[in-house]
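Undergrad: data38.cif is reproduced below (mmCIF, C-alpha atoms).
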data_run
#
loop_
_atom_site.label_atom_id
_atom_site.label_comp_id
_atom_site.auth_asym_id
_atom_site.auth_seq_id
_atom_site.Cartn_x
_atom_site.Cartn_y
_atom_site.Cartn_z
CA MET A 1 -26.35 -19.14 30.75
CA LYS A 2 -27.22 -22.40 29.00
CA ASN A 3 -26.09 -25.58 30.68
CA LYS A 4 -23.41 -27.44 28.75
CA ILE A 5 -24.05 -31.12 28.18
CA LEU A 6 -21.57 -33.83 27.25
CA ALA A 7 -23.01 -36.94 25.59
CA ILE A 8 -21.20 -40.27 25.95
CA ILE A 9 -22.24 -43.17 23.72
CA PRO A 10 -20.22 -46.31 24.60
CA ALA A 11 -19.48 -48.38 21.49
CA ALA A 12 -16.58 -50.58 22.57
CA GLY A 13 -18.58 -53.77 23.01
CA ILE A 14 -18.44 -56.70 20.61
CA GLY A 15 -22.04 -57.89 21.14
CA GLU A 16 -21.42 -61.63 21.59
CA ARG A 17 -25.15 -62.40 21.94
CA PHE A 18 -25.83 -60.80 18.55
CA LEU A 19 -24.03 -63.68 16.80
CA SER A 20 -22.38 -61.62 14.05
CA LYS A 21 -18.81 -61.30 12.79
CA ASP A 22 -19.05 -57.52 13.22
CA PRO A 23 -20.19 -55.81 16.44
CA LYS A 24 -23.94 -55.19 16.44
CA GLN A 25 -23.52 -51.41 16.24
CA TYR A 26 -22.32 -51.85 12.65
CA HIS A 27 -25.33 -53.89 11.54
CA LYS A 28 -27.26 -52.05 8.84
CA ILE A 29 -30.94 -51.23 9.08
CA GLY A 30 -31.85 -49.84 5.71
CA HIS A 31 -29.17 -47.49 4.46
CA SER A 32 -27.54 -46.78 7.84
CA THR A 33 -25.81 -48.71 10.59
CA LEU A 34 -27.20 -48.84 14.11
CA ILE A 35 -24.48 -46.51 15.36
CA GLU A 36 -25.11 -44.02 12.54
CA LYS A 37 -28.82 -43.91 13.37
CA THR A 38 -28.11 -43.42 17.07
CA ILE A 39 -25.37 -40.82 16.68
CA SER A 40 -27.42 -38.77 14.19
CA ILE A 41 -29.98 -37.93 16.88
CA PHE A 42 -27.29 -36.47 19.12
CA THR A 43 -25.51 -34.52 16.39
CA SER A 44 -28.89 -33.03 15.46
CA SER A 45 -29.66 -31.84 18.98
CA GLU A 46 -28.71 -28.27 19.86
CA LEU A 47 -28.79 -29.26 23.53
CA ILE A 48 -25.69 -31.45 23.19
CA SER A 49 -22.40 -29.54 23.31
CA ASN A 50 -20.03 -32.39 22.50
CA ILE A 51 -20.11 -36.16 22.02
CA ILE A 52 -17.57 -38.79 23.06
CA VAL A 53 -17.73 -42.29 21.59
CA PRO A 54 -15.58 -44.88 23.40
CA ILE A 55 -14.59 -47.58 20.89
CA HIS A 56 -12.61 -50.83 20.95
CA LYS A 57 -8.90 -50.22 20.39
CA ASP A 58 -8.96 -52.54 17.36
CA ASP A 59 -12.12 -51.07 15.82
CA LYS A 60 -11.72 -51.03 12.02
CA ASN A 61 -15.29 -50.01 11.17
CA ILE A 62 -15.61 -46.65 12.87
CA GLN A 63 -13.78 -44.69 10.17
CA ASN A 64 -16.36 -45.83 7.60
CA GLN A 65 -19.28 -44.28 9.48
CA ASP A 66 -20.94 -41.14 8.13
CA PHE A 67 -20.28 -39.16 11.34
CA TYR A 68 -16.57 -40.03 11.60
CA LYS A 69 -15.30 -36.54 10.73
CA ASN A 70 -17.98 -34.62 12.60
CA PRO A 71 -16.16 -31.96 14.68
CA LYS A 72 -18.67 -32.39 17.49
CA ILE A 73 -17.50 -35.97 18.09
CA LYS A 74 -14.37 -37.32 19.79
CA PHE A 75 -13.31 -40.98 19.95
CA VAL A 76 -11.47 -42.58 22.86
CA ASN A 77 -10.40 -46.14 23.59
CA GLY A 78 -13.04 -47.85 25.67
CA GLY A 79 -12.51 -50.36 28.44
CA ASP A 80 -13.53 -53.97 29.00
CA SER A 81 -16.86 -52.90 30.50
CA ARG A 82 -19.44 -50.17 30.03
CA ALA A 83 -18.34 -48.50 33.27
CA ARG A 84 -14.68 -48.38 32.24
CA SER A 85 -15.62 -47.03 28.80
CA VAL A 86 -17.70 -44.21 30.27
CA LEU A 87 -14.97 -43.47 32.81
CA SER A 88 -12.39 -43.35 30.01
CA ALA A 89 -14.54 -40.80 28.20
CA LEU A 90 -14.97 -38.67 31.32
CA GLU A 91 -11.25 -38.68 32.05
CA SER A 92 -10.46 -37.53 28.51
CA GLU A 93 -12.31 -34.22 29.01
CA ASP A 94 -12.07 -31.15 31.19
CA LEU A 95 -15.27 -31.84 33.12
CA THR A 96 -15.46 -28.32 34.51
CA ASN A 97 -16.80 -27.37 31.07
CA TYR A 98 -19.97 -29.43 31.52
CA ASP A 99 -22.90 -29.21 33.90
CA TYR A 100 -24.36 -32.57 32.89
CA VAL A 101 -23.34 -35.83 31.27
CA LEU A 102 -25.88 -37.69 29.15
CA THR A 103 -25.21 -41.37 28.41
CA HIS A 104 -26.93 -43.60 25.89
CA ASP A 105 -26.73 -47.18 24.62
CA VAL A 106 -25.35 -47.24 21.08
CA ALA A 107 -27.77 -50.07 20.25
CA ARG A 108 -30.88 -47.98 20.94
CA PRO A 109 -31.39 -46.22 17.58
CA ASN A 110 -35.08 -45.46 18.09
CA ILE A 111 -34.68 -42.46 20.36
CA SER A 112 -35.70 -39.01 19.21
CA ILE A 113 -34.85 -35.37 19.76
CA ASP A 114 -37.86 -35.30 22.10
CA HIS A 115 -36.26 -37.91 24.38
CA ILE A 116 -33.19 -35.71 24.77
CA ARG A 117 -35.20 -32.54 25.29
CA ASP A 118 -37.48 -34.16 27.89
CA ILE A 119 -34.68 -35.60 30.00
CA VAL A 120 -32.66 -32.37 29.89
CA ASN A 121 -35.71 -30.31 30.90
CA GLU A 122 -36.38 -32.72 33.75
CA ILE A 123 -32.92 -32.45 35.32
CA GLN A 124 -32.90 -28.68 34.93
CA ASN A 125 -36.33 -28.30 36.51
CA LYS A 126 -36.30 -31.04 39.18
CA GLY A 127 -32.73 -30.62 40.38
CA SER A 128 -32.18 -34.37 40.85
CA ASP A 129 -28.66 -35.74 40.51
CA CYS A 130 -29.76 -38.29 37.90
CA ILE A 131 -32.76 -38.68 35.58
CA PHE A 132 -33.49 -41.89 33.69
CA PHE A 133 -36.24 -43.32 31.49
CA TYR A 134 -38.27 -46.34 32.51
CA THR A 135 -41.12 -48.44 31.10
CA PRO A 136 -43.64 -50.53 33.07
CA ILE A 137 -43.53 -54.32 32.75
CA SER A 138 -46.54 -55.87 31.04
CA GLU A 139 -45.43 -59.52 31.09
CA SER A 140 -45.47 -61.87 34.07
CA ILE A 141 -42.13 -62.21 35.87
CA LYS A 142 -40.57 -65.31 37.39
CA LYS A 143 -37.38 -65.41 39.43
CA ILE A 144 -35.04 -68.20 38.36
CA SER A 145 -34.19 -70.52 41.23
CA ASN A 146 -32.25 -73.76 41.64
CA GLU A 147 -35.25 -75.28 43.38
CA GLU A 148 -38.43 -73.76 41.93
CA ASP A 149 -39.06 -70.65 39.84
CA VAL A 150 -41.01 -68.03 41.77
CA THR A 151 -43.57 -65.63 40.29
CA LEU A 152 -42.95 -62.01 41.28
CA ASN A 153 -45.34 -59.07 41.38
CA LYS A 154 -44.62 -57.13 38.18
CA GLU A 155 -45.98 -53.95 39.79
CA ASP A 156 -42.88 -53.93 42.01
CA TYR A 157 -40.51 -53.69 39.02
CA TYR A 158 -39.89 -51.65 35.89
CA LEU A 159 -37.45 -51.64 32.99
CA VAL A 160 -34.69 -49.03 32.84
CA GLN A 161 -33.71 -47.39 29.55
CA THR A 162 -31.27 -44.84 28.25
CA PRO A 163 -30.62 -42.00 27.68
CA GLN A 164 -29.78 -41.12 31.26
CA ILE A 165 -28.47 -37.77 32.45
CA CYS A 166 -26.42 -37.02 35.57
CA LYS A 167 -24.71 -34.08 37.22
CA THR A 168 -21.16 -34.24 35.95
CA LYS A 169 -19.04 -34.16 39.09
CA LYS A 170 -21.27 -36.55 41.01
CA LEU A 171 -21.34 -39.07 38.17
CA TYR A 172 -17.56 -39.02 37.80
CA THR A 173 -16.94 -39.50 41.53
CA ALA A 174 -19.55 -42.26 41.84
CA LEU A 175 -18.41 -44.12 38.73
CA LYS A 176 -14.73 -43.97 39.68
CA SER A 177 -15.53 -45.31 43.13
CA CYS A 178 -17.53 -48.26 41.73
CA VAL A 179 -14.83 -49.13 39.20
CA ASN A 180 -12.09 -48.97 41.85
CA GLU A 181 -14.14 -51.27 44.11
CA GLY A 182 -14.74 -53.74 41.27
CA ILE A 183 -18.52 -53.32 41.40
CA ASP A 184 -20.41 -54.58 38.35
CA VAL A 185 -22.14 -51.54 36.83
CA PRO A 186 -25.13 -52.04 34.49
CA ASP A 187 -25.72 -48.33 33.87
CA GLU A 188 -25.14 -44.85 35.25
CA SER A 189 -28.34 -44.69 37.30
CA PHE A 190 -27.00 -47.68 39.25
CA VAL A 191 -23.80 -45.91 40.33
CA MET A 192 -25.74 -42.79 41.32
CA GLU A 193 -28.12 -44.94 43.37
CA LYS A 194 -25.16 -46.83 44.89
CA MET A 195 -23.68 -43.57 46.15
CA ASN A 196 -27.03 -42.37 47.53
CA HIS A 197 -27.51 -39.55 45.05
CA SER A 198 -31.02 -38.40 44.20
CA LEU A 199 -32.72 -40.00 41.19
CA THR A 200 -35.92 -39.29 39.26
CA LYS A 201 -37.48 -41.58 36.70
CA ILE A 202 -39.63 -40.47 33.75
CA LYS A 203 -41.69 -42.74 31.55
CA GLY A 204 -39.96 -43.85 28.38
CA SER A 205 -41.20 -45.41 25.18
CA SER A 206 -41.68 -49.06 24.22
CA SER A 207 -40.23 -48.21 20.80
CA ASN A 208 -36.87 -47.38 22.42
CA ILE A 209 -35.66 -50.94 21.93
CA LYS A 210 -32.13 -52.06 22.75
CA VAL A 211 -30.76 -54.40 20.09
CA THR A 212 -29.24 -57.42 21.84
CA TYR A 213 -30.24 -60.46 19.78
CA PRO A 214 -30.58 -60.84 15.98
CA GLU A 215 -34.38 -60.99 16.21
CA ASP A 216 -34.41 -57.51 17.77
CA ILE A 217 -33.60 -56.10 14.34
CA ASP A 218 -37.06 -57.13 13.11
CA LEU A 219 -38.63 -55.24 16.01
CA ILE A 220 -36.59 -52.13 15.20
CA LYS A 221 -37.70 -52.29 11.57
CA LYS A 222 -41.36 -52.24 12.56
CA PHE A 223 -40.84 -48.80 14.06
CA ASN A 224 -38.75 -47.59 11.13
CA THR A 225 -41.57 -46.27 8.95
CA ARG A 226 -41.80 -43.26 6.67
CA VAL A 227 -45.06 -41.55 5.73
CA GLY A 228 -45.65 -39.83 2.41
CA THR A 229 -48.56 -37.99 0.81
CA GLY A 230 -49.17 -37.21 -2.83
CA PHE A 231 -51.73 -35.15 -4.72
CA ASP A 232 -52.36 -34.66 -8.41
CA LEU A 233 -55.08 -33.01 -10.47
CA HIS A 234 -55.71 -32.96 -14.22
CA THR A 235 -58.39 -31.28 -16.27
CA TYR A 236 -60.72 -33.04 -18.69
CA SER A 237 -61.31 -32.66 -22.39
CA PRO A 238 -63.97 -34.50 -24.42
CA GLY A 239 -62.68 -37.95 -25.34
CA ASN A 240 -63.18 -41.69 -25.12
CA GLY A 241 -61.46 -42.54 -21.83
CA PHE A 242 -58.24 -42.31 -19.82
CA LEU A 243 -55.80 -44.30 -17.69
CA LEU A 244 -56.40 -44.50 -13.95
CA GLY A 245 -53.97 -46.60 -11.92
CA GLY A 246 -52.74 -48.25 -15.11
CA TYR A 247 -56.27 -49.34 -16.08
CA PHE A 248 -58.03 -47.74 -19.06
CA ILE A 249 -61.50 -46.47 -18.21
CA LYS A 250 -63.85 -45.99 -21.14
CA CYS A 251 -65.88 -42.78 -20.70
CA ASP A 252 -66.66 -39.44 -22.37
CA GLN A 253 -63.54 -37.68 -21.06
CA SER A 254 -59.82 -37.64 -21.75
CA ILE A 255 -57.02 -36.15 -19.64
CA ASN A 256 -55.07 -33.00 -20.48
CA ALA A 257 -51.45 -33.84 -19.68
CA HIS A 258 -47.88 -33.81 -20.98
CA SER A 259 -47.42 -37.49 -20.10
CA ASP A 260 -50.10 -40.17 -20.37
CA GLY A 261 -52.03 -38.29 -17.65
CA ASP A 262 -52.48 -41.14 -15.17
CA VAL A 263 -53.43 -38.92 -12.25
CA LEU A 264 -53.56 -41.85 -9.80
CA LEU A 265 -50.05 -43.10 -10.55
CA HIS A 266 -48.73 -39.53 -10.42
CA SER A 267 -50.20 -39.09 -6.95
CA ILE A 268 -48.64 -42.36 -5.80
CA ALA A 269 -45.26 -41.41 -7.27
CA ASP A 270 -45.22 -38.11 -5.38
CA ALA A 271 -46.15 -39.92 -2.15
CA ILE A 272 -43.25 -42.35 -2.63
CA LEU A 273 -40.77 -39.59 -3.42
CA GLY A 274 -42.00 -37.51 -0.49
CA ALA A 275 -41.74 -40.35 2.03
CA SER A 276 -38.19 -41.11 0.90
CA ALA A 277 -37.20 -37.40 0.90
CA LEU A 278 -36.23 -37.59 -2.77
CA GLY A 279 -38.37 -34.69 -4.00
CA ASP A 280 -41.28 -34.83 -6.45
CA ILE A 281 -42.12 -35.97 -9.98
CA GLY A 282 -41.28 -32.58 -11.47
CA ILE A 283 -37.63 -32.96 -10.46
CA PHE A 284 -37.17 -36.23 -12.31
CA PHE A 285 -39.79 -35.94 -15.06
CA PRO A 286 -40.27 -32.23 -15.89
CA ASP A 287 -43.04 -31.37 -18.34
CA THR A 288 -40.57 -29.09 -20.12
CA ASP A 289 -38.66 -32.14 -21.35
CA ALA A 290 -39.87 -33.37 -24.74
CA ALA A 291 -38.69 -36.87 -23.81
CA ASN A 292 -41.52 -37.03 -21.28
CA LYS A 293 -44.24 -36.35 -23.86
CA ASN A 294 -46.88 -39.11 -23.55
CA LEU A 295 -44.64 -40.89 -21.04
CA ASP A 296 -46.08 -44.13 -19.65
CA SER A 297 -46.68 -43.41 -15.95
CA LYS A 298 -45.79 -46.99 -15.06
CA LYS A 299 -42.22 -46.03 -15.94
CA ILE A 300 -42.44 -43.24 -13.36
CA ILE A 301 -43.59 -45.72 -10.72
CA ASN A 302 -40.86 -48.20 -11.65
CA PHE A 303 -38.29 -45.41 -11.28
CA CYS A 304 -39.66 -44.55 -7.82
CA LEU A 305 -39.61 -48.19 -6.70
CA GLU A 306 -36.01 -48.57 -7.88
CA GLU A 307 -34.98 -45.44 -5.99
CA ILE A 308 -36.51 -46.52 -2.69
CA SER A 309 -35.06 -49.99 -3.15
CA LYS A 310 -31.61 -48.35 -3.15
CA LEU A 311 -32.53 -46.98 0.28
CA ASP A 312 -33.59 -50.48 1.36
CA LEU A 313 -37.23 -49.36 1.60
CA GLU A 314 -40.46 -50.81 0.27
CA ILE A 315 -44.16 -49.92 0.32
CA PHE A 316 -46.01 -51.33 3.33
CA ASN A 317 -49.49 -50.00 2.66
CA ILE A 318 -51.20 -47.30 0.64
CA ASP A 319 -54.48 -45.37 0.94
CA ILE A 320 -55.95 -43.62 -2.10
CA THR A 321 -58.90 -41.26 -2.57
CA ILE A 322 -60.10 -40.47 -6.09
CA ILE A 323 -62.10 -37.22 -6.33
CA CYS A 324 -64.33 -36.68 -9.36
CA GLU A 325 -67.96 -36.26 -10.42
CA THR A 326 -67.68 -38.64 -13.35
CA PRO A 327 -66.89 -41.29 -14.29
CA LYS A 328 -68.25 -43.33 -11.40
CA ILE A 329 -65.34 -45.34 -10.03
CA SER A 330 -67.14 -48.25 -8.36
CA PRO A 331 -67.65 -50.31 -11.58
CA PHE A 332 -63.89 -50.16 -12.22
CA ARG A 333 -62.61 -50.44 -8.64
CA ASP A 334 -61.59 -54.10 -8.72
CA PHE A 335 -59.79 -53.67 -12.05
CA ILE A 336 -57.88 -50.64 -10.73
CA LEU A 337 -56.92 -52.54 -7.57
CA SER A 338 -55.62 -55.47 -9.61
CA SER A 339 -53.60 -53.14 -11.82
CA LEU A 340 -52.12 -51.27 -8.83
CA SER A 341 -51.18 -54.51 -7.09
CA GLU A 342 -49.24 -55.61 -10.17
CA ILE A 343 -47.56 -52.24 -10.76
CA LEU A 344 -46.63 -51.60 -7.11
CA LYS A 345 -45.74 -55.23 -6.38
CA ILE A 346 -47.83 -55.33 -3.21
CA ASP A 347 -50.86 -57.37 -2.22
CA GLN A 348 -54.31 -55.88 -2.77
CA SER A 349 -54.96 -56.23 0.96
CA ASN A 350 -52.39 -53.44 1.48
CA ILE A 351 -54.15 -51.03 -0.91
CA GLY A 352 -57.05 -48.87 0.24
CA LEU A 353 -59.01 -47.40 -2.68
CA LYS A 354 -61.90 -44.96 -2.19
CA ALA A 355 -63.80 -42.54 -4.40
CA THR A 356 -65.76 -39.41 -3.60
CA THR A 357 -67.06 -36.22 -5.22
CA SER A 358 -66.44 -32.57 -4.38
CA GLU A 359 -70.18 -31.95 -3.93
CA LYS A 360 -70.43 -29.81 -7.10
CA ILE A 361 -67.82 -27.39 -5.70
CA GLY A 362 -64.95 -25.97 -7.77
CA ILE A 363 -63.43 -27.23 -10.99
CA ILE A 364 -63.90 -30.87 -9.95
CA GLY A 365 -67.51 -30.23 -8.95
CA LYS A 366 -68.18 -28.75 -12.39
CA ASN A 367 -66.94 -32.04 -13.85
CA LYS A 368 -63.98 -30.38 -15.51
CA ALA A 369 -61.21 -32.21 -13.62
CA ILE A 370 -60.21 -35.24 -11.56
CA ALA A 371 -57.87 -35.36 -8.55
CA VAL A 372 -56.25 -38.09 -6.45
CA GLN A 373 -54.95 -37.89 -2.88
CA THR A 374 -52.55 -40.64 -1.70
CA SER A 375 -51.02 -41.54 1.66
CA LEU A 376 -48.55 -44.39 2.09
CA ASN A 377 -46.09 -45.96 4.49
CA LEU A 378 -42.60 -47.06 3.53
CA ILE A 379 -40.79 -49.59 5.71
CA THR A 380 -37.34 -51.13 5.74
CA LYS A 381 -37.23 -54.19 3.49
CA LYS A 382 -37.77 -57.52 5.18
#
The structure given in the file should be rewritten as C-alpha cells.
TA:
Amino acid sequence: MKNKILAIIPAAGIGERFLSKDPKQYHKIGHSTLIEKTISIFTSSELISNIIVPIHKDDKNIQNQDFYKNPKIKFVNGGDSRARSVLSALESEDLTNYDYVLTHDVARPNISIDHIRDIVNEIQNKGSDCIFFYTPISESIKKISNEEDVTLNKEDYYLVQTPQICKTKKLYTALKSCVNEGIDVPDESFVMEKMNHSLTKIKGSSSNIKVTYPEDIDLIKKFNTRVGTGFDLHTYSPGNGFLLGGYFIKCDQSINAHSDGDVLLHSIADAILGASALGDIGIFFPDTDAANKNLDSKKIINFCLEEISKLDLEIFNIDITIICETPKISPFRDFILSSLSEILKIDQSNIGLKATTSEKIGIIGKNKAIAVQTSLNLITKK
C-alpha cells in the first residue's frame, strides 16, 4: 500500500526583514505570488495526499490566492513561531492517516516535483526518521565575536534547506516536547536531531533559494526562465525579393504565403507563444481568415510581445538559424540583426543569428523553400 504523506507549508509569518507592507509570501513574481508558486508544486504532486497551510489569524490575502478553494488544502491558524504553526497543523489532523509529514518553507518557490519525489524515495528506501536537503558552503565563514571575528573551516558546515520529511509520530512527539520546553526551533530536522532520531541528508540545489530580503527576489527571477522553440518553412516562387526579419532582401525569389511571408518573424512568434504556453500563430492568426491576407508580420510579433507582457515576461535572448540555399544571408546579416533588435525591443548582443544550407537535400536543398528555426528564453521582467 502506498504511504500517505501530509504536507505542511507554514505561512503565518509576517516577514519583517522583507520590508514590505504585505507578508513576503504575497509578493508577486511575474503573474503569481510566492505562495502560489510554492503551493502549485505540492498540488501537482501525486505523492502528496493532503496539504495544510498554517496562516496568521488576521490574514486577509489568502482568500485571493489561486489555490484557495483547492479541496486538497486545509488552512489552520498558525502560531507565533514556525514550530507552533507546524504543531497547530499536526494537531488539526488525525495523524494515524499519515506515514510521513513533509514540511516546506513557503518562501522557497523554486522547488520542483523532482525534489519531492527524491526526498520521499529516500525516506522510503533508507528508513531514516528524517530526511533533509543540504547544500555545501562555497564562501568563507567567520564567527561573530565580541572580541575578534574567527574564521571557521567551511568544510565542517553546510546549509540546510526544505523540503524535509519525517516519520509522522516521531515528528509530532519531538516537536511537542521542544515547544513545551520553550526550545527555539529553526526547522523540523532540528527537533528530530534534538530527540536523537536518525537523520539522513541529501544534496539539494542552489536554485532552491529562500526569499528573506527584497534583493532575493532578483535571484529568484534569474532562475524563473521559460524556453521556447519555433519553426517555419515557406516555399519560393520567382520574384524580386522577400521580407526576412522585417528587412527586405532583394533576390530572384518571393515567398508563397497568406500573410507577408516573413518566415523568420513567424518562427520567432511561435517560439514566444510556445515558451509562454499560449499556443501557436495558427490559433491567433489563422490562414483561413481573410483579415490576415498579406498581414504585416511585425503586427504578429507586437501581439506576442503584448501577450507575454501581460504575464510579466520579456525576451532575454534568442538564437536563430536560417536554412536555405539562396539567397546568401551573410551580406544582409547586419541589416536583419538591426531590424530584429528594433522589432523585438532587445539589444543585438542578445540575438544570435546564423545561416546554413541543407546540403542539397529535400525541398530546401533544391532551392524551392526557406526555413527558420528559433530558440529563445523568456524571463520575468526586471
Undergrad: Pull out every residue that the PyMOL selection byres ((chain A and resi 376) around 7) matches in the shown coordinates and put them as a compact mmCIF listing (two decimals) with C-alpha atoms, keeping the file's coordinate frame.
TA:
# COMPACT_ATOMS: atom_id res chain seq x y z
CA VAL A 227 -45.06 -41.55 5.73
CA GLY A 228 -45.65 -39.83 2.41
CA THR A 229 -48.56 -37.99 0.81
CA ALA A 271 -46.15 -39.92 -2.15
CA ASN A 317 -49.49 -50.00 2.66
CA ILE A 318 -51.20 -47.30 0.64
CA ASP A 319 -54.48 -45.37 0.94
CA THR A 374 -52.55 -40.64 -1.70
CA SER A 375 -51.02 -41.54 1.66
CA ASN A 377 -46.09 -45.96 4.49
CA LEU A 378 -42.60 -47.06 3.53
Undergrad: To one decimal place in Å, what is the distance between CA of Ala290 in chain A and CA of Leu273 in chain A?
TA: 22.2 Å
Undergrad: Between CA of Phe285 in chain A and CA of Gly230 in chain A, what is the distance in Å, rounded to a tenth?
TA: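 Atom-to-atom, CA of Phe285 in chain A and CA of Gly230 in chain A are spaced 15.5 Å apart.
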Undergrad: Using only C-alpha atoms, which protein or nucleic acid residues come within 7 Å of range 355-367 of chain A? Drop anything in the same chain fewer than 2 positions from it, and give the result as a list in words.
TA: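 Residues near the query, excluding close chain neighbours: Thr321, Ile322, Ile323, Cys324, Glu325, Thr326, Ile329, Ala369 and Ile370 of chain A.
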Undergrad: Between CA of Leu305 in chain A and CA of Ala269 in chain A, measure the distance and give it in Å to one decimal.
TA: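 Separation of CA of Leu305 in chain A and CA of Ala269 in chain A: 8.8 Å.
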Undergrad: Taking only C-alpha atoms into account, name the residue in A:Asp347, A:Asp218, A:Asp99, A:Asp280 that is nearest to Thr380 in chain A.
TA: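 Nearest to Thr380 in chain A: A:Asp218.
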Undergrad: Nearest residue to Ser237 in chain A out of A:Asn110, A:Asn61, A:Gln253, A:Ser198, using all atoms listed in the file?
TA: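 Under the stated criterion, the closest residue is A:Gln253.
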Undergrad: Find the residues near range 25-33 of chain A: any atom within 8 Å, counting only C-alpha atoms, skip ones fewer than 6 places away on the same chain, and give them as a PyMOL selection string.
TA: chain A and resi 11+61+65+106-107+217+221+311-313+380-381
